[in-house]
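Engineer: To be precise about what I am sending: the file is called final_19.cif and holds mmCIF, C-alpha atoms, pLDDT in the B column; chains and numbers go by the auth columns.
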data_query
#
loop_
_atom_site.group_PDB
_atom_site.id
_atom_site.type_symbol
_atom_site.label_atom_id
_atom_site.label_comp_id
_atom_site.label_asym_id
_atom_site.label_seq_id
_atom_site.Cartn_x
_atom_site.Cartn_y
_atom_site.Cartn_z
_atom_site.B_iso_or_equiv
_atom_site.auth_seq_id
_atom_site.auth_asym_id
ATOM 1 C CA MET A 1 0.000 0.000 0.000 47.00 3 D
ATOM 2 C CA ARG A 2 1.247 3.453 -0.880 59.00 4 D
ATOM 3 C CA LYS A 3 2.156 5.676 2.032 74.00 5 D
ATOM 4 C CA ASN A 4 1.918 8.974 0.119 89.00 6 D
ATOM 5 C CA ASN A 5 5.674 9.191 -0.438 97.00 7 D
ATOM 6 C CA ILE A 6 7.335 10.734 -3.455 97.00 8 D
ATOM 7 C CA VAL A 7 10.560 8.967 -4.444 98.00 9 D
ATOM 8 C CA LEU A 8 12.971 10.924 -6.652 98.00 10 D
ATOM 9 C CA ILE A 9 15.311 9.031 -8.974 98.00 11 D
ATOM 10 C CA GLY A 10 17.741 10.218 -11.635 97.00 12 D
ATOM 11 C CA MET A 11 21.370 10.820 -12.495 95.00 13 D
ATOM 12 C CA PRO A 12 23.722 12.427 -9.985 90.00 14 D
ATOM 13 C CA GLY A 13 23.405 16.176 -10.474 88.00 15 D
ATOM 14 C CA ALA A 14 19.768 15.967 -11.650 92.00 16 D
ATOM 15 C CA GLY A 15 18.663 17.879 -8.544 93.00 17 D
ATOM 16 C CA LYS A 16 17.044 15.106 -6.486 96.00 18 D
ATOM 17 C CA SER A 17 18.167 16.510 -3.115 95.00 19 D
ATOM 18 C CA THR A 18 17.516 20.157 -4.017 96.00 20 D
ATOM 19 C CA VAL A 19 14.074 19.438 -5.482 97.00 21 D
ATOM 20 C CA GLY A 20 13.361 17.045 -2.605 98.00 22 D
ATOM 21 C CA VAL A 21 13.973 19.596 0.168 98.00 23 D
ATOM 22 C CA VAL A 22 11.844 22.282 -1.500 98.00 24 D
ATOM 23 C CA LEU A 23 9.097 19.791 -2.404 98.00 25 D
ATOM 24 C CA ALA A 24 8.971 18.441 1.173 98.00 26 D
ATOM 25 C CA LYS A 25 8.585 21.995 2.518 97.00 27 D
ATOM 26 C CA LYS A 26 5.825 22.751 0.002 97.00 28 D
ATOM 27 C CA LEU A 27 3.895 19.570 0.924 97.00 29 D
ATOM 28 C CA GLY A 28 4.610 19.645 4.666 97.00 30 D
ATOM 29 C CA TYR A 29 6.381 16.290 4.299 97.00 31 D
ATOM 30 C CA ARG A 30 9.596 14.935 5.801 97.00 32 D
ATOM 31 C CA PHE A 31 12.671 14.909 3.569 98.00 33 D
ATOM 32 C CA VAL A 32 14.834 11.783 3.471 98.00 34 D
ATOM 33 C CA ASP A 33 18.097 11.572 1.527 97.00 35 D
ATOM 34 C CA SER A 34 18.830 7.855 1.173 96.00 36 D
ATOM 35 C CA ASP A 35 22.557 8.541 0.628 94.00 37 D
ATOM 36 C CA LEU A 36 22.653 10.180 4.079 95.00 38 D
ATOM 37 C CA VAL A 37 20.765 7.211 5.565 97.00 39 D
ATOM 38 C CA ILE A 38 23.439 4.881 4.097 97.00 40 D
ATOM 39 C CA GLN A 39 26.264 7.041 5.495 96.00 41 D
ATOM 40 C CA GLU A 40 24.556 7.151 8.895 97.00 42 D
ATOM 41 C CA GLN A 41 23.963 3.386 9.036 97.00 43 D
ATOM 42 C CA TYR A 42 27.541 2.526 8.061 97.00 44 D
ATOM 43 C CA GLY A 43 29.332 5.466 9.700 97.00 45 D
ATOM 44 C CA LYS A 44 31.276 6.239 6.521 96.00 46 D
ATOM 45 C CA LEU A 45 31.083 8.546 3.511 92.00 47 D
ATOM 46 C CA LEU A 46 29.774 7.095 0.235 90.00 48 D
ATOM 47 C CA HIS A 47 33.148 7.215 -1.511 86.00 49 D
ATOM 48 C CA GLU A 48 34.728 5.402 1.468 92.00 50 D
ATOM 49 C CA LEU A 49 32.074 2.669 1.249 94.00 51 D
ATOM 50 C CA ILE A 50 32.657 2.349 -2.516 91.00 52 D
ATOM 51 C CA GLN A 51 36.442 2.051 -1.954 91.00 53 D
ATOM 52 C CA GLU A 52 35.950 -0.484 0.823 95.00 54 D
ATOM 53 C CA HIS A 53 33.250 -2.690 -0.762 95.00 55 D
ATOM 54 C CA GLY A 54 33.766 -2.039 -4.490 92.00 56 D
ATOM 55 C CA VAL A 55 31.053 -0.700 -6.779 90.00 57 D
ATOM 56 C CA GLU A 56 28.899 -3.837 -6.745 92.00 58 D
ATOM 57 C CA GLY A 57 29.357 -4.271 -2.975 96.00 59 D
ATOM 58 C CA PHE A 58 28.188 -0.689 -2.505 95.00 60 D
ATOM 59 C CA TRP A 59 25.126 -1.367 -4.690 95.00 61 D
ATOM 60 C CA LYS A 60 24.232 -4.239 -2.347 97.00 62 D
ATOM 61 C CA LEU A 61 24.434 -1.950 0.711 97.00 63 D
ATOM 62 C CA GLU A 62 22.406 0.691 -1.133 96.00 64 D
ATOM 63 C CA ASN A 63 19.804 -1.908 -2.141 97.00 65 D
ATOM 64 C CA ASP A 64 19.469 -3.192 1.443 97.00 66 D
ATOM 65 C CA VAL A 65 19.082 0.290 2.958 97.00 67 D
ATOM 66 C CA ASN A 66 16.554 1.491 0.357 98.00 68 D
ATOM 67 C CA ALA A 67 14.559 -1.758 0.557 97.00 69 D
ATOM 68 C CA SER A 68 14.177 -1.216 4.316 96.00 70 D
ATOM 69 C CA LEU A 69 13.003 2.425 4.226 96.00 71 D
ATOM 70 C CA ASN A 70 9.617 2.675 5.888 94.00 72 D
ATOM 71 C CA GLN A 71 8.613 6.308 5.504 93.00 73 D
ATOM 72 C CA ARG A 72 5.189 7.959 5.479 94.00 74 D
ATOM 73 C CA ARG A 73 4.409 11.348 3.962 96.00 75 D
ATOM 74 C CA SER A 74 8.025 11.817 2.910 97.00 76 D
ATOM 75 C CA VAL A 75 9.966 12.951 -0.105 98.00 77 D
ATOM 76 C CA ILE A 76 12.796 10.445 -0.590 98.00 78 D
ATOM 77 C CA ALA A 77 15.798 11.481 -2.680 98.00 79 D
ATOM 78 C CA THR A 78 17.744 8.390 -3.734 97.00 80 D
ATOM 79 C CA GLY A 79 21.301 7.912 -4.950 93.00 81 D
ATOM 80 C CA GLY A 80 21.744 7.744 -8.722 92.00 82 D
ATOM 81 C CA SER A 81 22.608 4.034 -8.608 94.00 83 D
ATOM 82 C CA VAL A 82 19.474 2.979 -6.655 97.00 84 D
ATOM 83 C CA ILE A 83 18.054 1.527 -9.895 97.00 85 D
ATOM 84 C CA TYR A 84 20.587 -1.335 -9.784 96.00 86 D
ATOM 85 C CA GLY A 85 18.777 -2.764 -6.733 96.00 87 D
ATOM 86 C CA SER A 86 15.603 -4.476 -7.917 96.00 88 D
ATOM 87 C CA GLU A 87 14.342 -5.226 -4.371 97.00 89 D
ATOM 88 C CA ALA A 88 14.840 -1.590 -3.403 98.00 90 D
ATOM 89 C CA MET A 89 13.067 -0.307 -6.512 98.00 91 D
ATOM 90 C CA GLU A 90 10.105 -2.675 -6.075 97.00 92 D
ATOM 91 C CA HIS A 91 9.816 -1.592 -2.431 97.00 93 D
ATOM 92 C CA LEU A 92 10.070 2.123 -3.287 97.00 94 D
ATOM 93 C CA ARG A 93 7.408 1.719 -6.004 97.00 95 D
ATOM 94 C CA GLU A 94 5.134 0.101 -3.386 95.00 96 D
ATOM 95 C CA ILE A 95 5.555 2.811 -0.746 96.00 97 D
ATOM 96 C CA GLY A 96 5.419 5.811 -3.063 96.00 98 D
ATOM 97 C CA THR A 97 5.209 7.400 -6.458 96.00 99 D
ATOM 98 C CA VAL A 98 8.579 7.168 -8.206 97.00 100 D
ATOM 99 C CA VAL A 99 9.448 10.329 -10.131 98.00 101 D
ATOM 100 C CA TYR A 100 12.374 10.356 -12.558 98.00 102 D
ATOM 101 C CA LEU A 101 14.060 13.759 -12.852 98.00 103 D
ATOM 102 C CA LYS A 102 15.307 13.554 -16.434 97.00 104 D
ATOM 103 C CA LEU A 103 18.205 15.705 -17.558 95.00 105 D
ATOM 104 C CA PRO A 104 20.110 15.743 -20.871 95.00 106 D
ATOM 105 C CA TYR A 105 23.640 14.331 -20.722 94.00 107 D
ATOM 106 C CA GLU A 106 25.259 17.733 -21.359 91.00 108 D
ATOM 107 C CA GLU A 107 23.531 19.242 -18.324 91.00 109 D
ATOM 108 C CA VAL A 108 24.557 16.284 -16.139 90.00 110 D
ATOM 109 C CA VAL A 109 28.208 16.871 -17.127 87.00 111 D
ATOM 110 C CA GLU A 110 27.879 20.607 -16.452 86.00 112 D
ATOM 111 C CA ARG A 111 26.472 20.058 -12.946 86.00 113 D
ATOM 112 C CA LEU A 112 28.600 17.170 -11.715 83.00 114 D
ATOM 113 C CA GLY A 113 32.135 18.269 -10.953 73.00 115 D
ATOM 114 C CA ASP A 114 34.302 15.680 -9.154 67.00 116 D
ATOM 115 C CA LEU A 115 32.699 12.265 -9.647 66.00 117 D
ATOM 116 C CA ASN A 116 34.626 10.517 -6.862 62.00 118 D
ATOM 117 C CA ALA A 117 33.788 13.153 -4.256 61.00 119 D
ATOM 118 C CA ARG A 118 30.107 12.766 -5.207 67.00 120 D
ATOM 119 C CA GLY A 119 30.244 8.987 -4.770 65.00 121 D
ATOM 120 C CA VAL A 120 29.368 8.263 -8.416 78.00 122 D
ATOM 121 C CA THR A 121 29.780 4.545 -9.069 77.00 123 D
ATOM 122 C CA LEU A 122 31.718 4.095 -12.306 80.00 124 D
ATOM 123 C CA MET A 123 33.058 0.665 -13.240 81.00 125 D
ATOM 124 C CA LYS A 124 36.683 0.435 -14.348 83.00 126 D
ATOM 125 C CA GLY A 125 36.986 1.864 -17.868 88.00 127 D
ATOM 126 C CA GLN A 126 33.417 3.189 -17.859 87.00 128 D
ATOM 127 C CA THR A 127 32.838 6.792 -18.946 87.00 129 D
ATOM 128 C CA LEU A 128 30.124 9.078 -17.628 88.00 130 D
ATOM 129 C CA ARG A 129 28.451 8.850 -21.072 91.00 131 D
ATOM 130 C CA ASP A 130 28.451 5.014 -20.797 93.00 132 D
ATOM 131 C CA LEU A 131 26.921 5.266 -17.332 92.00 133 D
ATOM 132 C CA TYR A 132 24.265 7.735 -18.511 94.00 134 D
ATOM 133 C CA GLU A 133 23.231 5.521 -21.433 96.00 135 D
ATOM 134 C CA GLU A 134 23.171 2.416 -19.221 95.00 136 D
ATOM 135 C CA ARG A 135 20.975 4.032 -16.567 96.00 137 D
ATOM 136 C CA ILE A 136 18.367 5.903 -18.655 97.00 138 D
ATOM 137 C CA PRO A 137 16.340 2.768 -19.558 97.00 139 D
ATOM 138 C CA LEU A 138 16.360 1.706 -15.884 97.00 140 D
ATOM 139 C CA TYR A 139 15.143 5.097 -14.651 98.00 141 D
ATOM 140 C CA GLU A 140 12.391 4.978 -17.276 97.00 142 D
ATOM 141 C CA LYS A 141 11.473 1.386 -16.352 97.00 143 D
ATOM 142 C CA TYR A 142 10.944 2.135 -12.656 98.00 144 D
ATOM 143 C CA ALA A 143 9.398 5.624 -12.870 98.00 145 D
ATOM 144 C CA HIS A 144 5.685 6.147 -12.399 97.00 146 D
ATOM 145 C CA ARG A 145 6.229 9.690 -13.748 97.00 147 D
ATOM 146 C CA VAL A 146 9.002 11.396 -15.709 97.00 148 D
ATOM 147 C CA ILE A 147 9.727 15.110 -15.307 98.00 149 D
ATOM 148 C CA ASP A 148 11.891 16.610 -18.028 97.00 150 D
ATOM 149 C CA CYS A 149 14.068 19.097 -16.110 96.00 151 D
ATOM 150 C CA HIS A 150 15.826 20.537 -19.180 93.00 152 D
ATOM 151 C CA GLU A 151 16.040 24.338 -18.837 91.00 153 D
ATOM 152 C CA LYS A 152 13.368 24.399 -16.111 94.00 154 D
ATOM 153 C CA GLN A 153 13.419 26.509 -12.957 94.00 155 D
ATOM 154 C CA LEU A 154 13.423 24.738 -9.592 95.00 156 D
ATOM 155 C CA ARG A 155 9.891 26.000 -8.802 96.00 157 D
ATOM 156 C CA GLU A 156 8.530 24.532 -12.071 97.00 158 D
ATOM 157 C CA ILE A 157 10.030 21.113 -11.293 97.00 159 D
ATOM 158 C CA VAL A 158 8.711 21.228 -7.711 97.00 160 D
ATOM 159 C CA HIS A 159 5.242 22.193 -8.981 97.00 161 D
ATOM 160 C CA GLU A 160 5.217 19.248 -11.431 96.00 162 D
ATOM 161 C CA ALA A 161 6.458 16.835 -8.756 96.00 163 D
ATOM 162 C CA ALA A 162 3.827 18.012 -6.237 96.00 164 D
ATOM 163 C CA ALA A 163 1.117 17.340 -8.837 94.00 165 D
ATOM 164 C CA VAL A 164 1.818 13.567 -8.766 91.00 166 D
ATOM 165 C CA LEU A 165 0.012 13.164 -5.439 84.00 167 D
#
Now, as a test, write the supplied structure out as structure tokens.
Structural biologist:
Amino acid sequence: MRKNNIVLIGMPGAGKSTVGVVLAKKLGYRFVDSDLVIQEQYGKLLHELIQEHGVEGFWKLENDVNASLNQRRSVIATGGSVIYGSEAMEHLREIGTVVYLKLPYEEVVERLGDLNARGVTLMKGQTLRDLYEERIPLYEKYAHRVIDCHEKQLREIVHEAAAVL
């Protein structure tokens, strides 16, 4: 049963946390950043967990944490790699409306900066373009709604996201 949550998915830099905070304020909801929940549970920064467990090991931790979230009336901003955890995505789809914040590749590059500091999970030899093209079909598969964020103001995106309820 849905618990009136909105779950934001998308590439790193798409604005999930920024949109999430503003959206939660607008709706009077709690804001949950699943990356912060992971860091809190493991007592380490994302990039430290990725170094320690490897990319696929990190995905397992991320899957476990997201699959155990039990929020109500919350906006949940997920990490960009959440879509690799099928249990997590099925759970998130059950407890909320999954909204994909879609951004063109060029804008993702512009916004990102240092990939390692952001905890972006790239496999050895994988480029950001490869990662983008690999993830898009997964974001689209799991999303109940897609919001095209290209050249949109924050308030427009928040307004569209609020309308999913």
Engineer: From the list D:Val110, D:Gly22, D:Asn7, D:Gln41, which residue is nearest Asn72 in chain D when using all atoms listed in the file?
Structural biologist: D:Asn7
Engineer: Using all atoms listed in the file, tabulate the residues of range 37-69 of chain D lying at most 8 Å from any atom of range 79-101 of chain D, each with its closest atom pair and that distance in Å to one decimal, by chain and increasing residue number, as a tab-separated table.
Structural biologist:
residue	atom	partner	partner_atom	distance
D:Asp37	CA	D:Gly81	CA	5.8
D:Trp61	CA	D:Gly87	CA	6.8
D:Lys62	CA	D:Gly87	CA	7.2
D:Glu64	CA	D:Val84	CA	6.7
D:Asn65	CA	D:Gly87	CA	4.8
D:Asp66	CA	D:Ala90	CA	6.9
D:Val67	CA	D:Ala90	CA	7.9
D:Asn68	CA	D:Ala90	CA	5.2
D:Ala69	CA	D:Ala90	CA	4.0
Engineer: Quick one: write out the picked residues with C-alpha atoms as an mmCIF file, in the frame of the given file?
Structural biologist:
data_model
loop_
_atom_site.group_PDB
_atom_site.id
_atom_site.type_symbol
_atom_site.label_atom_id
_atom_site.label_comp_id
_atom_site.auth_asym_id
_atom_site.auth_seq_id
_atom_site.Cartn_x
_atom_site.Cartn_y
_atom_site.Cartn_z
ATOM 1 C CA ASP D 37 22.557 8.541 0.628
ATOM 2 C CA TRP D 61 25.126 -1.367 -4.690
ATOM 3 C CA LYS D 62 24.232 -4.239 -2.347
ATOM 4 C CA GLU D 64 22.406 0.691 -1.133
ATOM 5 C CA ASN D 65 19.804 -1.908 -2.141
ATOM 6 C CA ASP D 66 19.469 -3.192 1.443
ATOM 7 C CA VAL D 67 19.082 0.290 2.958
ATOM 8 C CA ASN D 68 16.554 1.491 0.357
ATOM 9 C CA ALA D 69 14.559 -1.758 0.557
#
Engineer: Can you translate the PyMOL selection byres ((chain D and resi 154) around 12) into the concrete residues it hits in this file, as a list in words?
Structural biologist: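 Evaluating the PyMOL selection byres ((chain D and resi 154) around 12) on this file yields Ala16, Gly17, Val21, Leu103, Lys104, Leu105, Pro106, Glu109, Ile149, Asp150, Cys151, His152, Glu153, Gln155, Leu156, Arg157, Glu158, Ile159, Val160, His161 and Glu162 of chain D.
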Engineer: Is it possible to get the residues within 10 Å of (0.1, 7.5, 1.6) (coordinates as in the file, counting only C-alpha atoms) written as number ranges by chain?
Structural biologist: D: 3-8, 73-76, 97-99, 167
Engineer: One number please: CA of Val9 in chain D to CA of Glu135 in chain D, in Å, one decimal.
Structural biologist: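 Interatomic distance, CA of Val9 in chain D to CA of Glu135 in chain D: 21.5 Å.
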Engineer: For a quick check of understanding, using all atoms listed in the file, which of D:Ile138, D:Ala164, D:Val122, D:Val77 has the smallest distance to Ile52 in chain D?
Structural biologist: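 Ranking D:Ile138, D:Ala164, D:Val122, D:Val77 by distance to Ile52 in chain D, first place goes to D:Val122.
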Engineer: So how far away is CA of Ile78 in chain D from CA of Leu133 in chain D, in Å?
Structural biologist: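 Pair CA of Leu133 in chain D / CA of Ile78 in chain D returns 22.5 Å.
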Engineer: Suppose you want the space between CA of Tyr144 in chain D and CA of Ser36 in chain D; what is it in Å?
Structural biologist: 16.9 Å
Engineer: Write out as a compact mmCIF listing (two decimals) with C-alpha atoms, keeping the file's coordinate frame the residues lying within 10 Å of Val111 in chain D, counting only C-alpha atoms and excluding same-chain residues fewer than 5 positions away.
Structural biologist:
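Result went into result-v4.txt, see below:
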# COMPACT_ATOMS: atom_id res chain seq x y z
CA PRO D 14 23.72 12.43 -9.98
CA GLY D 15 23.40 16.18 -10.47
CA PRO D 106 20.11 15.74 -20.87
CA LEU D 117 32.70 12.26 -9.65
CA LEU D 130 30.12 9.08 -17.63
CA ARG D 131 28.45 8.85 -21.07
